[in-house]
$ cat query.cif   # mmCIF, C-alpha atoms
data_input
#
loop_
_atom_site.label_atom_id
_atom_site.label_comp_id
_atom_site.auth_asym_id
_atom_site.auth_seq_id
_atom_site.Cartn_x
_atom_site.Cartn_y
_atom_site.Cartn_z
CA MET A 1 97.30 114.45 127.79
CA GLN A 2 97.28 114.41 124.00
CA SER A 3 100.97 115.34 123.75
CA THR A 4 101.87 112.57 126.21
CA LEU A 5 99.89 110.05 124.19
CA ASN A 6 101.45 111.33 120.97
CA ALA A 7 104.94 111.01 122.44
CA TYR A 8 104.15 107.40 123.31
CA LEU A 9 102.54 106.53 119.96
CA VAL A 10 105.08 108.10 117.57
CA PRO A 11 107.82 105.51 118.19
CA GLN A 12 105.21 102.73 118.09
CA ILE A 13 103.29 103.53 114.88
CA GLY A 14 105.11 106.45 113.27
CA THR A 15 104.67 110.20 112.99
CA GLY A 16 102.54 110.18 109.85
CA THR A 17 100.04 107.73 111.25
CA VAL A 18 99.73 109.64 114.52
CA VAL A 19 99.10 112.91 112.69
CA VAL A 20 96.48 111.32 110.44
CA LEU A 21 94.74 109.68 113.40
CA VAL A 22 94.62 113.00 115.29
CA LEU A 23 93.11 114.69 112.23
CA LEU A 24 90.67 111.82 111.81
CA GLY A 25 89.54 112.23 115.41
CA GLN A 26 89.04 115.95 114.90
CA ILE A 27 87.01 115.40 111.74
CA ILE A 28 84.78 112.78 113.40
CA SER A 29 84.26 115.13 116.34
CA SER A 30 83.34 118.01 114.05
CA LEU A 31 80.87 115.80 112.17
CA ASN A 32 79.18 114.92 115.46
CA ILE A 33 79.10 118.55 116.58
CA ASP A 34 77.52 119.59 113.26
CA GLN A 35 75.05 116.69 113.15
CA PHE A 36 73.64 117.26 116.63
CA GLY A 37 74.15 121.03 116.94
CA LEU A 38 76.43 120.69 119.94
CA LEU A 39 78.27 123.62 121.53
CA GLY A 40 75.65 126.06 120.25
CA SER A 41 76.37 125.43 116.57
CA MET A 42 73.71 125.20 113.88
CA LYS A 43 72.64 121.68 112.93
CA SER A 44 74.06 120.49 109.64
CA SER A 45 73.37 117.03 108.28
CA ILE A 46 76.19 114.72 107.31
CA SER A 47 76.45 114.58 103.53
CA VAL A 48 77.69 111.83 101.26
CA ALA A 49 80.75 113.93 100.44
CA LYS A 50 81.67 114.20 104.13
CA ILE A 51 81.34 110.44 104.59
CA ALA A 52 83.38 109.83 101.43
CA GLY A 53 86.14 112.09 102.75
CA LEU A 54 86.14 110.22 106.05
CA ILE A 55 86.39 106.87 104.26
CA ILE A 56 89.26 108.15 102.12
CA MET A 57 91.13 109.26 105.25
CA ILE A 58 90.60 105.87 106.90
CA ALA A 59 91.85 104.16 103.73
CA GLY A 60 94.87 106.47 103.79
CA VAL A 61 95.71 105.37 107.32
CA GLY A 62 95.47 101.78 106.16
CA LEU A 63 97.81 102.46 103.24
CA ILE A 64 100.32 104.18 105.51
CA GLU A 65 100.33 101.14 107.79
CA VAL A 66 100.82 98.73 104.89
CA MET A 67 103.75 100.61 103.39
#
$ encode --input "query.cif" --output "structure tokens"
Amino acid sequence: MQSTLNAYLVPQIGTGTVVVLVLLGQIISSLNIDQFGLLGSMKSSISVAKIAGLIIMIAGVGLIEVM
């Protein structure tokens, strides 16, 4: 399903934005898995550095859209 959605989104919003959004989704998912210890992983709290990295990525998506 992801490749079908990517094939639809690339002409609409561009390759770079699609790639960044996919990575952003993976990072948010991994933060949730670490925070709650899902899938048998050890619990790891979300740090300020992780949140800062997430904010920087979101800002990057915004900059890509503006340019």
$ atom_distance --input "query.cif" --atom1 "atom CA of A:Lys50" --atom2 "atom CA of A:Thr15"
25.0 Å
$ residues_around --input "query.cif" --residues "A:Ile46" --least-positions-apart "2" --cutoff "8 Å" --atoms "all atoms listed in the file" --output "MDAnalysis selection string"
chainID A and resid 31 34:35 44 48 50:51
$ write_last_selection --input "query.cif" --atoms "C-alpha atoms" --output "tab-separated table (two decimals), in the frame of the given file"
chain	number	residue	atom	x	y	z
A	31	LEU	CA	80.87	115.80	112.17
A	34	ASP	CA	77.52	119.59	113.26
A	35	GLN	CA	75.05	116.69	113.15
A	44	SER	CA	74.06	120.49	109.64
A	48	VAL	CA	77.69	111.83	101.26
A	50	LYS	CA	81.67	114.20	104.13
A	51	ILE	CA	81.34	110.44	104.59
$ axis_aligned_box --input "query.cif" --around "stretch 6-22 of chain A" --padding-each-side "3 Å" --output "AutoDock Vina command-line options"
--center_x 101.2 --center_y 107.9 --center_z 116.6 --size_x 19.2 --size_y 16.3 --size_z 19.5
$ resolve_selection --input "query.cif" --expression "the PyMOL selection byres ((chain A and resi 6) around 12)" --output "PyMOL selection string"
chain A and resi 1-5+7-22
$ atom_distance --input "query.cif" --atom1 "atom CA of A:Ile55" --atom2 "atom CA of A:Ile27"
11.4 Å
$ atom_distance --input "query.cif" --atom1 "atom CA of A:Gly60" --atom2 "atom CA of A:Leu24"
10.5 Å
$ closest_residue --input "query.cif" --among "A:Leu39, A:Val66, A:Ala49, A:Ile58" --to "A:Gly25" --atoms "only C-alpha atoms"
A:Ile58
